[in-house]
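First up is the structure itself, then whatever we jot down about it.
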Amino acid sequence: MDTSADPALGAERAEALDLAVLLLLERLTPTERAAYVLREAFDYSHRQVGEVLDTSEVNARQLVSRARRHLASQRPSPVAPVRRRELVEAFLDAAREGNVAALERMLAEDVRAWSDGGGRVNAARKELAGVGRVTTFLDNVLRKYWHTAGFRFVEVNGGGSLLVTNADGSPQSLVALDCSDRGVERVLIVVNPDKLRRFAGAG
C-alpha cells in the first residue's frame, strides 16, 4: 500500500501494515487472520468483526486478542522508525552504487529474501535464507536488472521502501525491507505489475 500520499494512514495503521506482521499473518488460522485484519487494518469494531465472521462480539474479541498474542510471540523486536529509515536509505545508496559489500553488511545473519511476481512475471519461486545466498541473489539482480535503473525512497505500508524505476521512470520493482536491531531481516522484491501500477508517475 502506497502511504506516501496519506502519512496519517501510514502512522495510524503502521503495525497492521508492517511487512513483518503481514508475513506472520500467514501463520494464523484463517478466522484469526480475518479478525485481526478487520480490527487492526480497517478499524472495525469487535461487533462488526463478529457480524462479518458470523460469530459473537465476545468471540470476535477473543479471536483478535489471540491473533495479537501469536504475532507478538513470533515477531522480532521492531527497530525504531528512525533506525529503520537509516537502514533503508543506506540500502538505497548501496543499491545505487552497486555496492554489494555494503549491502551484505546490513543483513542479519539469518536474513531471508524472496520475490513476488504474482504469476505475472518471472520471479524467484523459492525463499532464500542466509547472508551468502541473499547477497549472491542481490548481486545478480543488481548486475542483470538494475544496472541502468533508478532508485527512489517511497513510503509503503507506513514505512520506507525502495522503488526501482526503468529509464522512462516507470516502476520496475519495489524492495520492501523488514528491519530489526540486528539489521535487515527480510528482503521482499515485488515485481508483480498489478501491485506496482499505483506507483506509476510517483515522485
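In the C-alpha cells, the first chain shown is A, the next is B, and so on; residue numbers restart at 1 for each chain, and ligands run from 1 in the order shown.
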Skip segment 94-99 of chain A itself and residues of its chain fewer than 2 positions away, then list as a list of chain:residue names all residues within 9 Å of it, counting only C-alpha atoms. A:Glu89, A:Ala90, A:Phe91, A:Leu92, A:Ala101, A:Ala102, A:Leu103, A:Glu104, A:Asp139, A:Leu142, A:Arg143, A:Trp146, A:His147, A:Ala149, A:Gly150, A:Phe151
Which neighbours of Arg182 of chain A fall inside 9 Å, counting only C-alpha atoms, when residues of the same chain fewer than 6 positions from it are skipped, and could you give them as JSON, numbers by chain? {"A": [79, 106, 107, 108, 109]}
Generate a file of the selected residues that holds all heavy atoms, formatted as a compact mmCIF listing (two decimals), in the first residue's frame.
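Saved the output as out17.txt:
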```
# COMPACT_ATOMS: atom_id res chain seq x y z
N VAL A 79 12.51 -2.38 15.00
CA VAL A 79 13.51 -1.33 15.13
C VAL A 79 12.80 0.02 15.19
O VAL A 79 11.70 0.18 14.67
CB VAL A 79 14.49 -1.39 13.94
CG1 VAL A 79 13.81 -0.99 12.65
CG2 VAL A 79 15.72 -0.56 14.19
N MET A 106 24.64 -4.97 5.96
CA MET A 106 23.37 -4.59 6.57
C MET A 106 22.48 -5.78 6.89
O MET A 106 21.48 -5.63 7.59
CB MET A 106 22.61 -3.64 5.64
CG MET A 106 23.20 -2.27 5.53
SD MET A 106 22.25 -1.29 4.37
CE MET A 106 23.50 -0.96 3.16
N LEU A 107 22.80 -6.95 6.38
CA LEU A 107 21.93 -8.11 6.51
C LEU A 107 22.12 -8.83 7.83
O LEU A 107 23.25 -9.04 8.28
CB LEU A 107 22.18 -9.08 5.35
CG LEU A 107 22.05 -8.50 3.94
CD1 LEU A 107 22.38 -9.58 2.91
CD2 LEU A 107 20.65 -7.95 3.70
N ALA A 108 21.02 -9.24 8.45
CA ALA A 108 21.09 -10.11 9.61
C ALA A 108 21.61 -11.48 9.17
O ALA A 108 21.47 -11.87 8.01
CB ALA A 108 19.71 -10.25 10.25
N GLU A 109 22.22 -12.20 10.08
CA GLU A 109 22.86 -13.47 9.72
C GLU A 109 21.88 -14.46 9.09
O GLU A 109 22.22 -15.20 8.17
CB GLU A 109 23.49 -14.09 10.98
CG GLU A 109 24.27 -15.37 10.70
CD GLU A 109 24.95 -15.91 11.95
OE1 GLU A 109 25.01 -15.18 12.96
OE2 GLU A 109 25.40 -17.06 11.91
```
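Proximity to Arg39 of chain A at 10 Å, evaluated using only C-alpha atoms and with sequence-adjacent residues fewer than 2 positions away removed, yields A:Ala16, A:Arg33, A:Ala34, A:Ala35, A:Tyr36, A:Val37, A:Ala41, A:Phe42, A:Asp43, A:Tyr44, A:Ser45, A:His46, A:Gln48, A:Val49, A:Ala60, A:Arg61, A:Val64.
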Output file for the selection above: C-alpha atoms, as a PDB file, in the first residue's frame:
```
ATOM      1  CA  ALA A  16      -1.113  -3.799  10.873  1.00  0.00           C
ATOM      2  CA  ARG A  33      -6.269 -13.600  10.328  1.00  0.00           C
ATOM      3  CA  ALA A  34      -9.588 -12.155   9.179  1.00  0.00           C
ATOM      4  CA  ALA A  35     -10.433 -10.903  12.661  1.00  0.00           C
ATOM      5  CA  TYR A  36      -7.052  -9.241  13.084  1.00  0.00           C
ATOM      6  CA  VAL A  37      -7.081  -7.549   9.660  1.00  0.00           C
ATOM      7  CA  ALA A  41      -6.169  -2.584   9.388  1.00  0.00           C
ATOM      8  CA  PHE A  42      -9.764  -1.476   8.798  1.00  0.00           C
ATOM      9  CA  ASP A  43     -10.701  -0.330  12.319  1.00  0.00           C
ATOM     10  CA  TYR A  44     -13.843  -2.470  12.541  1.00  0.00           C
ATOM     11  CA  SER A  45     -15.390  -2.657  15.978  1.00  0.00           C
ATOM     12  CA  HIS A  46     -15.468  -6.071  17.644  1.00  0.00           C
ATOM     13  CA  GLN A  48     -18.647  -5.546  13.267  1.00  0.00           C
ATOM     14  CA  VAL A  49     -15.909  -8.176  13.171  1.00  0.00           C
ATOM     15  CA  ALA A  60     -14.544 -11.776  17.906  1.00  0.00           C
ATOM     16  CA  ARG A  61     -12.692 -10.012  20.725  1.00  0.00           C
ATOM     17  CA  VAL A  64      -8.354 -10.601  17.796  1.00  0.00           C
TER      18      VAL A  64
END
```
All alpha helix (DSSP H) residues (DSSP, backbone) inside segment 161-203 of chain A, as a PyMOL selection string: chain A and resi 193-196
File of the preceding selection, N, CA and C atoms, as a PDB file, in the first residue's frame:
```
ATOM      1  N   PRO A 193       3.270  -6.566 -11.658  1.00  0.00           N
ATOM      2  CA  PRO A 193       2.846  -5.272 -12.230  1.00  0.00           C
ATOM      3  C   PRO A 193       1.543  -4.745 -11.645  1.00  0.00           C
ATOM      4  N   ASP A 194       0.668  -5.641 -11.184  1.00  0.00           N
ATOM      5  CA  ASP A 194      -0.598  -5.192 -10.595  1.00  0.00           C
ATOM      6  C   ASP A 194      -0.346  -4.389  -9.320  1.00  0.00           C
ATOM      7  N   LYS A 195       0.665  -4.778  -8.562  1.00  0.00           N
ATOM      8  CA  LYS A 195       0.974  -4.092  -7.306  1.00  0.00           C
ATOM      9  C   LYS A 195       1.839  -2.852  -7.535  1.00  0.00           C
ATOM     10  N   LEU A 196       2.510  -2.788  -8.676  1.00  0.00           N
ATOM     11  CA  LEU A 196       3.379  -1.649  -8.969  1.00  0.00           C
ATOM     12  C   LEU A 196       2.640  -0.530  -9.680  1.00  0.00           C
TER      13      LEU A 196
END
```
Please report, as a PyMOL selection string, each residue of segment 12-195 of chain A to which DSSP assigns strand (DSSP E) when run on this structure's backbone. chain A and resi 107-116+128-129+150-156+159-165+171-180+183-190
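When atom CA of Trp114 of chain A is paired with atom CA of Ala72 of chain A, their separation reads 23.1 Å.
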Please provide as a list in words all residues within 12 Å of Glu127 of chain A, with the sequence filter that same-chain residues fewer than 5 positions apart are discarded (counting only C-alpha atoms). Val111, Arg112, Ala113, Trp114, Ser115, Asp116, Arg133, Val134, Phe137, Arg186, Val187, Leu188 and Ile189 of chain A
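We find atom CA of Val175 of chain A and atom CA of Val141 of chain A to be spaced 11.6 Å apart.
Shortest separation to Thr135 of chain A among A:Leu28, A:Asp168, A:Val184, A:Ala200 occurs at residue A:Val184, atoms counted being only C-alpha atoms.
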